[in-house]
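Here is the structure we will look at.
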Amino acid sequence: MIQVVLPKNLQLLAGTGRSLELEVEGDVTQRSVLDALEARYPALLGTIRDPKTKKRRPMLRFFACEEDHSDDPIDEPLPGEVAAGKEPYLILGAIAGG
Amino acid sequence: MSKVRVLVGTRKGAFILNSDGTRKSWDVEGPLFPGWEIFHMKGSPADPDRLYASQSSSWFGQVMHRSNDGGKTWETVGNQFEYAGNVGPHKWYDNSPHPYEFKRVWHVEPSLKDPDTVYAGVEDASIFKSTDAGQTWAELPALRTHRTAPEWNPGAGGLCLHTIIEDPKDSNKIVIAISAAGAFRTDDGGTSWKPINHGLRSNHIPDPDAEFGHCVHHITMHPSKPDTLYMQKHWDVMRSDDKGDNWREISGNLPTDFGFVVDTNANDPDTVYVLPITSDSHHYVMDGKLRVYRNRKGGDDDWEALTKGLPQKDCYVNVLRDAMAVDRLDPCGIYFGTSGGQVYASNDDGNSWSAIVCDLPLVMSVEVQTLP
């Protein structure tokens, strides 16, 4: 199971806690994790990435294993610790505003 | 006894204010959608339990919500607003061509007759329609592809379509307004649109009498008199008696005719309310006084200040374009929300006012439902 951590606003929208577990089939990539996340929580469609182009919304970031994966190719495998469920895949809202 | 439900969208969530027909004491529900900017929330005239809400965020984009039980529970519905066909440019602030890009829903307008039909006014300016209670949205593209559209400039808040008025006698007739393209009307359900800006005069555009390009802030129509429209333009309060084909200024003796809101009394189509704001460079009320102005003769030199119960000292709030509404009771209730987070109500045609709540986040929109 993959661990995913959501920002507070998306927790409220999805009706989840801060951390959730997802079953991901096949290679564990950013695309497969986000596909699984949106399939399980349709309310999140369009809030993390453009539903058509799959482009990340500009004020969100994706972190894992203390690395910023926001601009990595979305079909690149995520670190083995994430795939093994030992480390979370973090979705963060950028710190912005007053 | 009738009840009143006031729907308040704020910068950090939504609130529902409930009262009985006396409108003297209020229950406050909320915040709903805490932390989210709620641009607009409105109930269906055909089914008062059906509510729609537009939630927008720079971080997470557009989310649409629907309630089928008067706001007790909510579910997300479709949030995909795709422009149809080829998407051309409009003009940017510097007059350069700028590609159309969906940003947010400014206004939701449920159909007068069908709770599953709802319109959305969006930025960059266009109108969308859903006939499945918000699950899917289809653009009415004839407006965005109007011959004038490549020349439309955004207002300070963006190129937003913020006003949608369905004619109660003919649902194919719809009036819309865009900042800063002006007002347009369709007589055929959105297949074609015509600019309805004749008589508007705006000194901030090269041709003050231009066919389009006017910064219309809000328009209202009384359901019993659908040929008459009242408009709060950037500057100037205007009136039309032919569905917008021709306008004349009715600012009369107002202390300033800049402002955002305009509405009519539920029981008298010739009684109009505005809330003057100092100027376009001072987005707060004049002289530290919060004053609603009422005109019982449909405009011109008969504006009277309504101040009882409103702060008349050290008040510097703004009232945004969708933040005033009226109920359907007699005497008419009038409600408005401020940038300071106050929601004021009058239960006597505006003669006196009191605050329902004082410390909400900045109020983006106020709508009212009158319930049996």
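In the structure tokens, chains take letters A, B, ... by order of appearance, with residues numbered from 1 within each chain and ligands from 1 in the order shown.
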Chain A contacts to chain B at 6 Å (only C-alpha atoms) as an MDAnalysis selection string: chainID A and resid 43 47 59
For stretch 114-117 of chain B, find every residue with an atom within 12 Å (counting only C-alpha atoms), except residues of its own chain fewer than 4 positions away, and show them as a compact mmCIF listing (two decimals) with C-alpha atoms, in the first residue's frame.
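In the end it all went to around_31.txt:
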```txt
# COMPACT_ATOMS: atom_id res chain seq x y z
CA LYS B 42 -27.24 30.29 -4.85
CA GLY B 43 -30.43 28.29 -4.49
CA SER B 44 -32.79 27.10 -7.18
CA PRO B 45 -36.05 29.08 -7.40
CA ALA B 46 -37.70 25.85 -8.59
CA ASP B 47 -36.50 23.76 -5.64
CA PRO B 48 -35.22 25.70 -2.64
CA ASP B 49 -33.44 22.63 -1.26
CA ARG B 50 -31.19 22.59 -4.32
CA LEU B 51 -28.16 24.81 -3.78
CA TYR B 52 -25.05 25.33 -5.86
CA ARG B 66 -24.31 20.89 -4.87
CA SER B 67 -26.70 20.38 -2.01
CA ASN B 68 -30.05 18.62 -2.32
CA VAL B 108 -23.94 30.40 -10.57
CA GLU B 109 -27.48 31.06 -11.76
CA PRO B 110 -29.96 28.24 -11.31
CA PHE B 128 -21.67 27.54 -19.36
CA LYS B 129 -24.87 25.55 -18.89
CA SER B 130 -25.55 22.33 -17.07
CA THR B 131 -28.79 20.39 -17.47
CA ASP B 132 -27.80 17.56 -15.14
CA ALA B 133 -27.58 19.45 -11.86
CA GLY B 134 -23.97 20.45 -12.32
CA GLN B 135 -22.50 17.07 -13.19
CA THR B 136 -21.39 18.26 -16.62
CA TRP B 137 -21.02 21.69 -18.13
CA ALA B 138 -21.23 22.79 -21.75
CA GLU B 166 -33.01 34.83 -17.05
CA SER B 171 -36.14 31.47 -20.58
```
Nearest to B:Lys91 by atom-to-atom distance, counting only C-alpha atoms, from B:Thr73, B:Thr148, B:Ser352, B:Gln55: B:Thr148
Using DSSP on the backbone coordinates, identify all residues within stretch 250-353 of chain B classified as strand (DSSP E or B); present the result as a ChimeraX atom specification. /B:258-265,268-276,292-295,303-306,322,324-326,334-337,343-346
Among listed residues A:Ile95, A:Val33, A:Leu20, A:Leu60, nearest A:Glu76 (using only C-alpha atoms):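 When distances to A:Glu76 are compared using only C-alpha atoms, the smallest one comes from A:Val33.
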Which polymer residues have any atom within 10 Å of an atom of A:Arg61, counting only C-alpha atoms, with same-chain residues fewer than 2 positions away left out, as a PDB file with N, CA and C atoms, in the first residue's frame?
```pdb
ATOM      1  N   ILE A  48      -5.513  18.784  -8.151  1.00  0.00           N
ATOM      2  CA  ILE A  48      -4.071  18.542  -8.023  1.00  0.00           C
ATOM      3  C   ILE A  48      -3.375  18.744  -9.368  1.00  0.00           C
ATOM      4  N   ARG A  56       0.640  19.334 -13.421  1.00  0.00           N
ATOM      5  CA  ARG A  56       0.531  19.712 -12.011  1.00  0.00           C
ATOM      6  C   ARG A  56       0.060  21.156 -11.885  1.00  0.00           C
ATOM      7  N   ARG A  57      -0.871  21.394 -10.966  1.00  0.00           N
ATOM      8  CA  ARG A  57      -1.264  22.769 -10.704  1.00  0.00           C
ATOM      9  C   ARG A  57      -0.049  23.526 -10.167  1.00  0.00           C
ATOM     10  N   PRO A  58       0.119  24.777 -10.613  1.00  0.00           N
ATOM     11  CA  PRO A  58       1.399  25.444 -10.364  1.00  0.00           C
ATOM     12  C   PRO A  58       1.731  25.674  -8.890  1.00  0.00           C
ATOM     13  N   MET A  59       0.718  25.755  -8.032  1.00  0.00           N
ATOM     14  CA  MET A  59       1.020  26.055  -6.623  1.00  0.00           C
ATOM     15  C   MET A  59       1.008  24.804  -5.749  1.00  0.00           C
ATOM     16  N   PHE A  63       6.541  15.868  -2.920  1.00  0.00           N
ATOM     17  CA  PHE A  63       7.790  15.502  -2.255  1.00  0.00           C
ATOM     18  C   PHE A  63       7.757  14.013  -1.880  1.00  0.00           C
ATOM     19  N   ASP A  68      12.336  16.767  -3.890  1.00  0.00           N
ATOM     20  CA  ASP A  68      11.239  17.408  -4.615  1.00  0.00           C
ATOM     21  C   ASP A  68      11.074  16.718  -5.974  1.00  0.00           C
ATOM     22  N   HIS A  69       9.958  16.052  -6.152  1.00  0.00           N
ATOM     23  CA  HIS A  69       9.696  15.338  -7.403  1.00  0.00           C
ATOM     24  C   HIS A  69       8.705  16.099  -8.295  1.00  0.00           C
ATOM     25  N   SER A  70       8.466  17.346  -7.958  1.00  0.00           N
ATOM     26  CA  SER A  70       7.404  18.094  -8.643  1.00  0.00           C
ATOM     27  C   SER A  70       7.615  18.163 -10.143  1.00  0.00           C
ATOM     28  N   ASP A  71       8.842  18.320 -10.563  1.00  0.00           N
ATOM     29  CA  ASP A  71       9.104  18.502 -11.992  1.00  0.00           C
ATOM     30  C   ASP A  71       9.661  17.247 -12.654  1.00  0.00           C
ATOM     31  N   LEU A  90       4.177  12.931  -0.591  1.00  0.00           N
ATOM     32  CA  LEU A  90       3.605  14.140   0.013  1.00  0.00           C
ATOM     33  C   LEU A  90       3.107  15.102  -1.070  1.00  0.00           C
ATOM     34  N   ILE A  91       1.860  15.520  -0.938  1.00  0.00           N
ATOM     35  CA  ILE A  91       1.302  16.558  -1.814  1.00  0.00           C
ATOM     36  C   ILE A  91       1.146  17.813  -0.957  1.00  0.00           C
ATOM     37  N   LEU A  92       1.789  18.881  -1.373  1.00  0.00           N
ATOM     38  CA  LEU A  92       1.801  20.088  -0.551  1.00  0.00           C
ATOM     39  C   LEU A  92       1.299  21.287  -1.340  1.00  0.00           C
ATOM     40  N   GLY A  93       0.607  22.179  -0.658  1.00  0.00           N
ATOM     41  CA  GLY A  93       0.300  23.485  -1.223  1.00  0.00           C
ATOM     42  C   GLY A  93       1.485  24.388  -0.971  1.00  0.00           C
ATOM     43  N   ALA A  94       1.880  25.139  -2.011  1.00  0.00           N
ATOM     44  CA  ALA A  94       3.031  26.027  -1.841  1.00  0.00           C
ATOM     45  C   ALA A  94       2.745  27.069  -0.764  1.00  0.00           C
TER      46      ALA A  94
END
```
Among listed residues B:Ile356, B:Val366, B:Val105, B:Cys215, nearest B:Asp27 (using only C-alpha atoms):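 For B:Asp27, the nearest of the given residues is B:Ile356.
For the pair atom CA of A:Tyr41 and atom CA of A:Glu67, the interatomic distance is 25.5 Å.
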